[in-house]
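Everything below belongs to upload_38.cif, which stores mmCIF, C-alpha atoms.
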```cif
data_query
#
loop_
_atom_site.label_atom_id
_atom_site.label_comp_id
_atom_site.auth_asym_id
_atom_site.auth_seq_id
_atom_site.Cartn_x
_atom_site.Cartn_y
_atom_site.Cartn_z
CA MET S 1 86.65 91.96 98.65
CA MET S 2 86.85 88.75 100.60
CA SER S 3 86.86 85.59 98.55
CA LYS S 4 84.47 82.73 99.24
CA PHE S 5 86.90 80.39 100.95
CA SER S 6 86.42 79.14 104.50
CA LYS S 7 87.73 81.26 107.31
CA ASN S 8 88.83 78.08 109.06
CA LEU S 9 90.94 77.01 106.10
CA LEU S 10 92.54 80.44 106.00
CA ARG S 11 93.23 80.29 109.74
CA ILE S 12 94.96 76.91 109.45
CA PHE S 13 97.07 78.18 106.57
CA THR S 14 98.12 81.44 108.16
CA LEU S 15 98.92 79.95 111.57
CA GLY S 16 101.54 77.80 109.91
CA MET S 17 103.42 80.93 108.91
CA ALA S 18 102.43 83.21 111.77
CA GLY S 19 106.02 83.91 112.72
CA LEU S 20 106.63 85.50 109.36
CA ALA S 21 103.43 87.52 109.43
CA LEU S 22 104.03 89.07 112.84
CA ALA S 23 106.53 91.64 111.70
CA GLY S 24 107.00 94.81 113.72
CA CYS S 25 106.01 98.34 112.79
CA SER S 26 109.41 99.57 111.73
CA VAL S 27 109.99 98.97 108.04
CA ALA S 28 113.73 98.59 108.53
CA LYS S 29 113.24 95.79 111.06
CA SER S 30 110.17 94.13 109.61
CA GLY S 31 111.29 92.15 106.61
CA GLY S 32 113.56 89.15 106.69
CA GLY S 33 115.48 90.56 103.72
CA LYS S 34 116.94 93.92 102.83
CA GLY S 35 114.55 94.61 100.00
CA THR S 36 114.83 94.14 96.26
CA HIS S 37 116.81 96.26 93.81
CA GLN S 38 116.01 96.85 90.13
CA ASP S 39 118.25 97.00 87.07
CA LYS S 40 119.12 100.28 85.40
CA ASP S 41 116.40 100.28 82.74
CA THR S 42 113.30 98.60 84.20
CA VAL S 43 111.20 98.43 87.35
CA LYS S 44 109.57 95.03 87.82
CA VAL S 45 106.14 95.00 89.47
CA GLY S 46 104.54 91.65 90.28
CA ILE S 47 100.83 91.05 89.73
CA ASN S 48 99.34 88.36 91.99
CA ILE S 49 95.77 88.21 90.77
CA GLU S 50 92.70 85.97 90.48
CA LEU S 51 92.43 85.24 86.75
CA SER S 52 90.63 81.92 87.21
CA GLY S 53 88.51 80.35 89.94
CA THR S 54 85.66 81.85 91.93
CA ALA S 55 86.99 85.44 91.98
CA ALA S 56 88.10 85.57 88.33
CA GLY S 57 85.54 88.28 87.53
CA TYR S 58 87.22 90.68 89.92
CA GLY S 59 90.79 89.70 89.04
CA SER S 60 90.25 89.92 85.29
CA ALA S 61 88.82 93.42 85.64
CA GLU S 62 91.78 94.44 87.79
CA LYS S 63 94.26 93.07 85.28
CA GLN S 64 92.78 95.34 82.62
CA GLY S 65 93.19 98.41 84.85
CA ILE S 66 96.76 97.40 85.68
CA VAL S 67 97.75 96.87 82.04
CA LEU S 68 96.20 100.20 81.03
CA ALA S 69 98.12 102.06 83.75
CA ALA S 70 101.41 100.40 82.82
CA SER S 71 100.96 101.16 79.13
CA GLU S 72 100.27 104.82 79.89
CA ILE S 73 103.29 105.07 82.16
CA ASN S 74 105.62 103.52 79.59
CA LYS S 75 104.19 105.58 76.73
CA ALA S 76 105.00 108.70 78.76
CA GLY S 77 108.62 107.57 79.15
CA GLY S 78 108.39 105.39 82.23
CA ILE S 79 108.94 105.99 85.95
CA ASN S 80 111.29 108.80 87.00
CA VAL S 81 113.73 107.18 89.43
CA ASN S 82 115.91 109.97 90.77
CA GLY S 83 116.21 111.63 87.37
CA HIS S 84 116.47 108.43 85.32
CA LYS S 85 113.44 107.14 83.40
CA LYS S 86 112.80 103.41 83.70
CA LYS S 87 110.17 101.33 81.93
CA LEU S 88 107.62 99.46 84.03
CA LYS S 89 107.67 95.69 83.50
CA LEU S 90 104.68 93.68 84.69
CA LEU S 91 105.05 90.07 85.83
CA ILE S 92 101.47 88.79 85.82
CA ARG S 93 100.64 85.56 87.66
CA ASP S 94 97.28 83.82 88.19
CA ASN S 95 96.68 82.77 91.80
CA LYS S 96 93.58 80.81 90.68
CA SER S 97 91.51 82.28 93.56
CA SER S 98 93.41 79.88 95.84
CA ILE S 99 95.12 80.89 99.08
CA ALA S 100 97.81 78.24 98.65
CA THR S 101 98.56 79.36 95.09
CA SER S 102 98.52 83.01 96.13
CA ALA S 103 101.19 82.31 98.76
CA SER S 104 103.41 80.50 96.25
CA VAL S 105 102.93 83.19 93.61
CA ALA S 106 103.95 85.84 96.17
CA ALA S 107 107.07 83.86 97.05
CA GLN S 108 108.00 83.51 93.37
CA LEU S 109 107.49 87.21 92.65
CA ALA S 110 109.14 88.62 95.76
CA THR S 111 112.00 86.16 96.28
CA LYS S 112 112.91 84.74 92.88
CA ASP S 113 111.75 87.47 90.48
CA LYS S 114 112.73 90.17 92.98
CA VAL S 115 109.98 92.60 92.02
CA ALA S 116 109.90 96.10 93.45
CA ALA S 117 106.28 95.74 94.59
CA VAL S 118 103.29 93.43 94.23
CA VAL S 119 99.85 94.60 93.10
CA GLY S 120 97.06 92.25 94.17
CA PRO S 121 95.47 89.97 95.09
CA ALA S 122 91.91 91.18 94.63
CA THR S 123 90.46 89.26 97.56
CA THR S 124 91.26 89.50 101.26
CA ASN S 125 91.84 85.79 101.78
CA CYS S 126 94.28 85.47 98.90
CA GLY S 127 95.87 88.74 99.98
CA THR S 128 96.30 87.52 103.54
CA ALA S 129 98.00 84.38 102.25
CA GLU S 130 100.51 86.60 100.44
CA ILE S 131 101.56 88.57 103.53
CA PRO S 132 104.22 86.26 105.07
CA ASN S 133 106.17 85.98 101.83
CA VAL S 134 106.17 89.67 100.85
CA THR S 135 107.05 90.59 104.44
CA LYS S 136 109.96 88.15 104.54
CA ALA S 137 111.32 89.62 101.30
CA SER S 138 110.67 93.26 102.39
CA VAL S 139 108.50 93.88 99.31
CA PRO S 140 105.31 95.98 99.59
CA GLY S 141 102.02 94.44 98.51
CA ILE S 142 99.06 96.64 97.63
CA SER S 143 95.64 95.09 97.09
CA PRO S 144 93.23 97.04 94.92
CA SER S 145 90.18 95.58 96.66
CA ALA S 146 90.81 93.68 99.92
CA THR S 147 88.23 95.39 102.13
CA ASP S 148 88.30 93.42 105.39
CA PRO S 149 89.18 95.85 108.24
CA ASN S 150 91.86 93.52 109.65
CA TYR S 151 93.68 93.04 106.36
CA THR S 152 96.40 95.61 107.04
CA ARG S 153 96.76 94.76 110.74
CA GLN S 154 98.63 92.10 112.65
CA LYS S 155 96.88 90.10 115.37
CA ASN S 156 98.44 92.39 118.00
CA GLY S 157 96.73 95.38 116.39
CA LYS S 158 99.86 96.87 114.86
CA VAL S 159 100.11 97.67 111.18
CA GLN S 160 101.31 95.06 108.72
CA PRO S 161 104.37 97.03 107.55
CA TYR S 162 104.41 95.74 103.97
CA VAL S 163 100.66 95.59 103.35
CA PHE S 164 98.55 98.34 101.75
CA ARG S 165 95.19 98.66 100.03
CA ALA S 166 93.70 101.03 97.45
CA CYS S 167 90.08 100.64 98.59
CA PHE S 168 87.92 101.53 101.56
CA GLN S 169 87.11 99.07 104.36
CA ASP S 170 83.94 97.02 104.88
CA THR S 171 82.97 98.96 107.98
CA PHE S 172 83.03 102.22 106.02
CA GLN S 173 80.80 100.99 103.21
CA GLY S 174 78.42 99.17 105.57
CA LYS S 175 77.92 102.35 107.59
CA SER S 176 77.59 104.43 104.41
CA ALA S 177 74.90 102.09 103.07
CA ALA S 178 72.96 102.41 106.33
CA LYS S 179 73.09 106.20 106.18
CA PHE S 180 71.90 106.11 102.59
CA VAL S 181 68.99 103.80 103.45
CA ASP S 182 68.07 106.07 106.36
CA ASN S 183 68.50 109.47 104.75
CA LYS S 184 67.89 108.96 101.03
CA LEU S 185 65.58 105.96 100.77
CA LYS S 186 63.77 106.86 104.03
CA ALA S 187 63.32 103.15 104.66
CA LYS S 188 61.87 102.42 108.11
CA ARG S 189 61.68 98.63 107.84
CA VAL S 190 64.63 96.70 106.41
CA ALA S 191 65.49 93.03 106.01
CA VAL S 192 69.15 91.93 105.94
CA TYR S 193 70.22 88.94 103.84
CA ALA S 194 73.99 88.37 104.13
CA ASP S 195 76.56 85.94 102.76
CA ASN S 196 77.79 84.10 105.88
CA SER S 197 80.54 82.21 104.05
CA SER S 198 82.87 85.21 103.92
CA ASP S 199 84.03 87.92 106.30
CA TYR S 200 83.02 90.35 103.58
CA GLY S 201 79.32 89.57 103.87
CA THR S 202 79.23 89.26 107.65
CA GLY S 203 81.37 92.39 108.13
CA LEU S 204 79.15 94.55 105.95
CA ALA S 205 76.02 93.21 107.64
CA LYS S 206 77.36 94.03 111.11
CA ALA S 207 78.41 97.56 110.13
CA PHE S 208 75.01 98.17 108.53
CA LYS S 209 73.06 96.92 111.55
CA ASP S 210 75.19 98.93 113.96
CA THR S 211 74.48 102.15 112.03
CA TYR S 212 70.96 101.81 110.63
CA LYS S 213 68.40 103.79 112.66
CA GLY S 214 65.22 102.05 111.48
CA LYS S 215 63.84 98.63 112.33
CA ILE S 216 65.58 95.43 111.19
CA VAL S 217 62.45 93.28 110.68
CA ASP S 218 64.42 90.15 109.79
CA SER S 219 68.03 89.05 109.37
CA GLN S 220 68.92 85.91 107.41
CA THR S 221 72.04 84.43 105.84
CA TYR S 222 72.97 82.33 102.83
CA SER S 223 76.16 80.60 101.71
CA ALA S 224 78.30 80.85 98.61
CA GLY S 225 76.95 78.53 95.94
CA ASP S 226 73.32 78.68 97.07
CA LYS S 227 70.84 78.90 94.20
CA ASP S 228 67.33 78.98 95.69
CA PHE S 229 66.45 82.01 97.84
CA ASN S 230 62.69 81.90 97.41
CA ALA S 231 61.76 80.73 100.94
CA VAL S 232 63.60 83.58 102.69
CA LEU S 233 62.43 86.16 100.14
CA THR S 234 58.83 85.03 100.59
CA SER S 235 59.23 85.57 104.33
CA PHE S 236 60.62 89.05 103.70
CA LYS S 237 57.71 89.89 101.40
CA SER S 238 55.18 89.08 104.15
CA LYS S 239 56.84 91.57 106.52
CA LYS S 240 56.14 94.72 104.50
CA ILE S 241 59.77 95.69 104.05
CA ASP S 242 60.88 99.07 102.70
CA ALA S 243 64.27 97.75 101.52
CA ILE S 244 66.57 94.71 101.59
CA TYR S 245 70.26 94.96 102.41
CA VAL S 246 72.19 92.11 100.75
CA PRO S 247 75.96 92.19 101.32
CA GLY S 248 77.64 89.53 99.19
CA TYR S 249 78.92 88.75 95.70
CA TYR S 250 77.36 89.12 92.28
CA THR S 251 77.11 85.36 91.75
CA GLU S 252 74.43 84.96 94.42
CA LEU S 253 73.11 88.52 94.40
CA GLY S 254 72.14 88.29 90.74
CA LEU S 255 69.91 85.33 91.61
CA ILE S 256 68.51 87.02 94.72
CA ILE S 257 67.54 90.07 92.68
CA LYS S 258 65.99 87.90 89.95
CA GLN S 259 63.96 85.77 92.36
CA ALA S 260 62.85 88.76 94.44
CA ARG S 261 61.54 90.63 91.41
CA GLN S 262 59.88 87.52 89.97
CA MET S 263 57.84 87.07 93.15
CA GLY S 264 56.75 90.70 93.11
CA ILE S 265 59.10 92.28 95.64
CA LYS S 266 59.54 95.83 94.37
CA ALA S 267 61.42 97.25 97.39
CA PRO S 268 64.89 98.71 96.78
CA ILE S 269 67.73 96.18 97.09
CA VAL S 270 70.98 97.59 98.45
CA GLY S 271 74.42 95.97 98.54
CA GLY S 272 78.16 96.57 98.62
CA ASP S 273 80.88 96.74 95.98
CA GLY S 274 80.48 93.01 95.42
CA MET S 275 77.75 94.07 93.00
CA CYS S 276 80.22 96.06 90.89
CA ASP S 277 80.52 93.56 88.06
CA PRO S 278 78.62 93.39 84.75
CA LYS S 279 77.84 89.73 85.47
CA LEU S 280 75.36 90.85 88.15
CA VAL S 281 72.94 92.08 85.48
CA GLN S 282 73.67 89.11 83.22
CA ILE S 283 72.50 86.82 86.04
CA SER S 284 69.54 88.90 87.28
CA GLY S 285 68.30 90.06 83.92
CA ALA S 286 68.30 93.74 82.99
CA LYS S 287 64.59 94.29 83.65
CA ASN S 288 64.91 92.88 87.18
CA ALA S 289 67.93 95.07 87.97
CA THR S 290 65.84 98.13 88.73
CA ASP S 291 65.86 100.09 91.99
CA ILE S 292 69.17 98.40 92.85
CA TYR S 293 71.84 100.32 94.81
CA TYR S 294 75.42 99.57 95.85
CA THR S 295 78.32 101.32 97.50
CA THR S 296 81.34 101.91 95.28
CA PRO S 297 84.63 103.84 95.36
CA PHE S 298 84.27 104.63 91.65
CA SER S 299 81.25 105.97 89.83
CA THR S 300 81.18 106.52 86.07
CA ASN S 301 78.13 108.69 86.60
CA VAL S 302 79.97 110.99 89.02
CA ALA S 303 82.99 111.12 86.70
CA ALA S 304 80.83 112.08 83.72
CA LYS S 305 79.72 115.20 85.57
CA ASN S 306 83.30 116.50 85.44
CA PRO S 307 84.73 115.77 81.96
CA ASP S 308 88.11 117.28 82.86
CA SER S 309 88.64 115.02 85.87
CA LYS S 310 91.19 112.23 86.01
CA ALA S 311 88.31 109.77 86.35
CA ALA S 312 86.68 110.98 83.14
CA LYS S 313 89.96 110.68 81.24
CA PHE S 314 90.43 107.16 82.62
CA ILE S 315 86.94 106.17 81.47
CA LYS S 316 87.68 107.45 77.96
CA ALA S 317 91.05 105.67 77.77
CA TYR S 318 89.59 102.43 79.12
CA LYS S 319 86.78 102.45 76.57
CA ALA S 320 89.22 103.13 73.73
CA ARG S 321 91.39 100.19 74.75
CA TYR S 322 88.81 97.60 75.82
CA HIS S 323 85.65 98.79 74.02
CA THR S 324 83.56 98.59 77.17
CA ASP S 325 82.76 100.72 80.21
CA ALA S 326 85.31 100.78 83.01
CA PRO S 327 84.26 98.72 86.06
CA THR S 328 85.10 99.69 89.62
CA PHE S 329 87.73 96.99 90.06
CA SER S 330 89.65 98.18 87.00
CA ALA S 331 89.70 101.70 88.44
CA LEU S 332 90.97 100.51 91.82
CA ALA S 333 93.77 98.47 90.22
CA TYR S 334 94.70 101.35 87.92
CA ASP S 335 95.11 103.58 90.97
CA ALA S 336 97.18 100.90 92.74
CA VAL S 337 99.77 100.95 89.95
CA TYR S 338 99.97 104.73 90.02
CA LEU S 339 100.33 104.68 93.80
CA VAL S 340 103.44 102.51 93.37
CA LYS S 341 104.76 104.89 90.70
CA THR S 342 104.15 107.88 92.99
CA ALA S 343 105.94 106.20 95.90
CA ILE S 344 108.98 105.46 93.71
CA GLU S 345 109.18 108.98 92.34
CA GLU S 346 108.70 110.67 95.70
CA GLN S 347 111.34 108.47 97.34
CA LYS S 348 113.63 108.80 94.27
CA SER S 349 114.29 105.09 94.58
CA ASP S 350 112.93 101.79 93.29
CA ASP S 351 114.32 99.84 96.23
CA SER S 352 111.41 97.89 97.69
CA VAL S 353 111.95 99.12 101.26
CA LYS S 354 112.00 102.72 100.05
CA ILE S 355 108.83 102.13 98.04
CA THR S 356 107.17 100.81 101.20
CA GLU S 357 108.13 104.00 103.02
CA GLY S 358 106.77 106.04 100.12
CA LEU S 359 103.42 104.24 100.07
CA ALA S 360 103.00 104.87 103.80
CA LYS S 361 103.53 108.60 103.20
CA ILE S 362 101.04 108.99 100.31
CA LYS S 363 99.07 112.19 100.80
CA ASP S 364 96.48 113.83 98.54
CA PHE S 365 97.13 111.42 95.68
CA ASP S 366 94.83 112.36 92.80
CA GLY S 367 93.40 109.03 91.69
CA VAL S 368 90.55 108.04 89.42
CA THR S 369 88.68 106.82 92.52
CA GLY S 370 89.21 110.15 94.27
CA ARG S 371 91.79 111.91 96.38
CA ILE S 372 93.71 109.43 98.54
CA THR S 373 95.76 109.80 101.73
CA MET S 374 97.15 106.73 103.50
CA ASP S 375 96.39 106.54 107.21
CA LYS S 376 98.72 104.98 109.81
CA PHE S 377 97.26 101.54 109.14
CA HIS S 378 97.88 101.78 105.38
CA ASN S 379 94.21 102.35 104.59
CA PRO S 380 93.30 105.04 102.05
CA GLU S 381 91.11 107.85 103.22
CA MET S 382 88.89 108.28 100.17
CA PRO S 383 85.35 109.20 99.08
CA ILE S 384 82.47 106.76 98.60
CA ALA S 385 79.55 106.83 96.19
CA ILE S 386 76.34 104.87 95.74
CA GLU S 387 75.14 103.96 92.25
CA LYS S 388 71.58 103.16 91.23
CA LEU S 389 70.68 100.61 88.56
CA THR S 390 67.57 100.94 86.41
CA ASN S 391 66.93 98.24 83.82
CA GLY S 392 70.49 97.05 84.36
CA LYS S 393 72.10 100.42 83.66
CA VAL S 394 73.55 103.02 86.02
CA SER S 395 70.86 105.70 86.12
CA ASP S 396 71.99 107.83 89.06
CA SER S 397 74.71 108.19 91.67
CA PHE S 398 75.02 109.76 95.08
CA ARG S 399 77.82 110.87 97.36
CA VAL S 400 77.54 109.73 100.98
CA GLU S 401 78.82 112.12 103.63
#
```
Go ahead and express the file in the form of structure tokens.
Amino acid sequence: MMSKFSKNLLRIFTLGMAGLALAGCSVAKSGGGKGTHQDKDTVKVGINIELSGTAAGYGSAEKQGIVLAASEINKAGGINVNGHKKKLKLLIRDNKSSIATSASVAAQLATKDKVAAVVGPATTNCGTAEIPNVTKASVPGISPSATDPNYTRQKNGKVQPYVFRACFQDTFQGKSAAKFVDNKLKAKRVAVYADNSSDYGTGLAKAFKDTYKGKIVDSQTYSAGDKDFNAVLTSFKSKKIDAIYVPGYYTELGLIIKQARQMGIKAPIVGGDGMCDPKLVQISGAKNATDIYYTTPFSTNVAAKNPDSKAAKFIKAYKARYHTDAPTFSALAYDAVYLVKTAIEEQKSDDSVKITEGLAKIKDFDGVTGRITMDKFHNPEMPIAIEKLTNGKVSDSFRVE
């Protein structure tokens, strides 16, 4: 997910460290250091996550998935490093949803704490700010939820050698939403209402428009922090829409849903994984959150259909520990930790450079979000689902081919 910070601010920040970010493709030549090494009994994994600030909802959910994964790993004896079991030690740091803080946290974890890998940040902007420092230290960083297509690529188009993600890209979910609106909802007339203050919202909107086969009767934008959407929604209502596509974050989308339903708009409202937070329904009101759909890499409804699946077991363990249903961002972060564990065990080494090589070679990893194979740009090839809300609860789910 992209955070709600200005692209211009991010550009100014990253240009100042562009020389560090433009590492080459070869892992051996990319980092400024030779990688980090762990002691004989523990493997340190850094957590650079948004626990406060505008993206705290996502980061807090991811922390819970991370802690659950680590506790399971340690309860089972730890990580097998070439025949020797080592306990996983988490070093959790709050980046405060700030790109500057994220960069300093990454430097602390990778250079001073000498972690084997970094999980997080949740958002693309904070994740991008992390890249120069993890690259310089030759430490892999894996974001559970940074979905911008360019996140794992350098400006020259080559892969960022130390950057990975555990989620699908914006283009994939935007296209999938369009296919769903076409084929399942049979919507012929759609209005698009996108968050223009983040690459997340604009990226999803573009992918949707490029794929949708019906008529886009209107396309409008809003900005992070906006509260009143009535004027645009009234305009949509007059155009006899069959559905509204609203790529953005739960903070604004909850209000959009509430105001749309209050003025009598009954058309389906479709969005991206930015809706995957319980606060969406808290803001919109449960009754208003009906005929709402969103793309997601993790569906509790799909998992429930196969009680023996890894996803179903994760849901049960999560509920036992936290006494609530597992959100998508917890599942993504849980998988990210296990991806690091898998890379260590397959490489038989907890050296950070070796872990990077292992992550790049991940194939058919059985995660709670589905079967994952890393492509050459460090993006997971994985399934996507769409969930439906009725009265604020998930009432159905669909796979998108």
Review point. Between S:Lys313, S:Arg371, S:Lys393, S:Lys341, which is the closest to Asp277 (chain S) once you count only C-alpha atoms?
Key: S:Lys393
Exercise for review: Counting all atoms listed in the file, figure out which residue out of S:Ile73, S:Ala177, S:Ala333, S:Ala243 gets nearest to Phe398 (chain S).
Suggested key: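 Distance minimum relative to Phe398 (chain S) lands on S:Ala177.
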Practice item. Tell me which of S:Ser284, S:Gln169, S:Asn48, S:Asn301 sits closest to Val134 (chain S), counting all atoms listed in the file. Key: S:Asn48
**Study point:** Protein and nucleic acid residues near (113.1, 97.7, 92.9) (cut-off 10 Å, all atoms listed in the file) as a list of chain:residue names
**Key:**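 Those residues, ordered by chain and then number, are S:Gly35, S:Thr36, S:His37, S:Gln38, S:Asp39, S:Lys40, S:Thr42, S:Val43, S:Lys44, S:Val45, S:Lys114, S:Val115, S:Ala116, S:Ala117, S:Val139, S:Ile344, S:Ser349, S:Asp350, S:Asp351, S:Ser352, S:Val353, S:Lys354, S:Ile355.
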Check your understanding: Between S:Val394, S:Ala312, S:Ala107, S:Leu332, which has the minimum distance to Arg165 (chain S) (counting all atoms listed in the file)?
Key ->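 Checking each of S:Val394, S:Ala312, S:Ala107, S:Leu332 against Arg165 (chain S), counting all atoms listed in the file, the winner is S:Leu332.
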Check your understanding: Hey, what's within 12 Å of Gly83 (chain S) if we count only C-alpha atoms and toss same-chain stuff fewer than 2 positions away? As a list in words, please?
Key ->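 So, after excluding close chain neighbours, the residues are Lys40, Gly77, Gly78, Ile79, Asn80, Val81, Lys85, Lys86, Ile344, Glu345, Glu346, Gln347, Lys348, Ser349 and Asp350 of chain S.
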**Study point:** Pick from S:Ala103, S:Cys126, S:Met382, S:Leu233 nearest to Asp148 (chain S), counting all atoms listed in the file
**Key:**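 Selected residue with least distance to Asp148 (chain S): S:Cys126.
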Exercise for review: Show which residues sit within 12 Å of Asn230 (chain S), as an MDAnalysis selection string. Count all atoms listed in the file, and ignore same-chain residues fewer than 3 positions away.
Suggested key: chainID S and resid 222 226:227 233:237 255:265
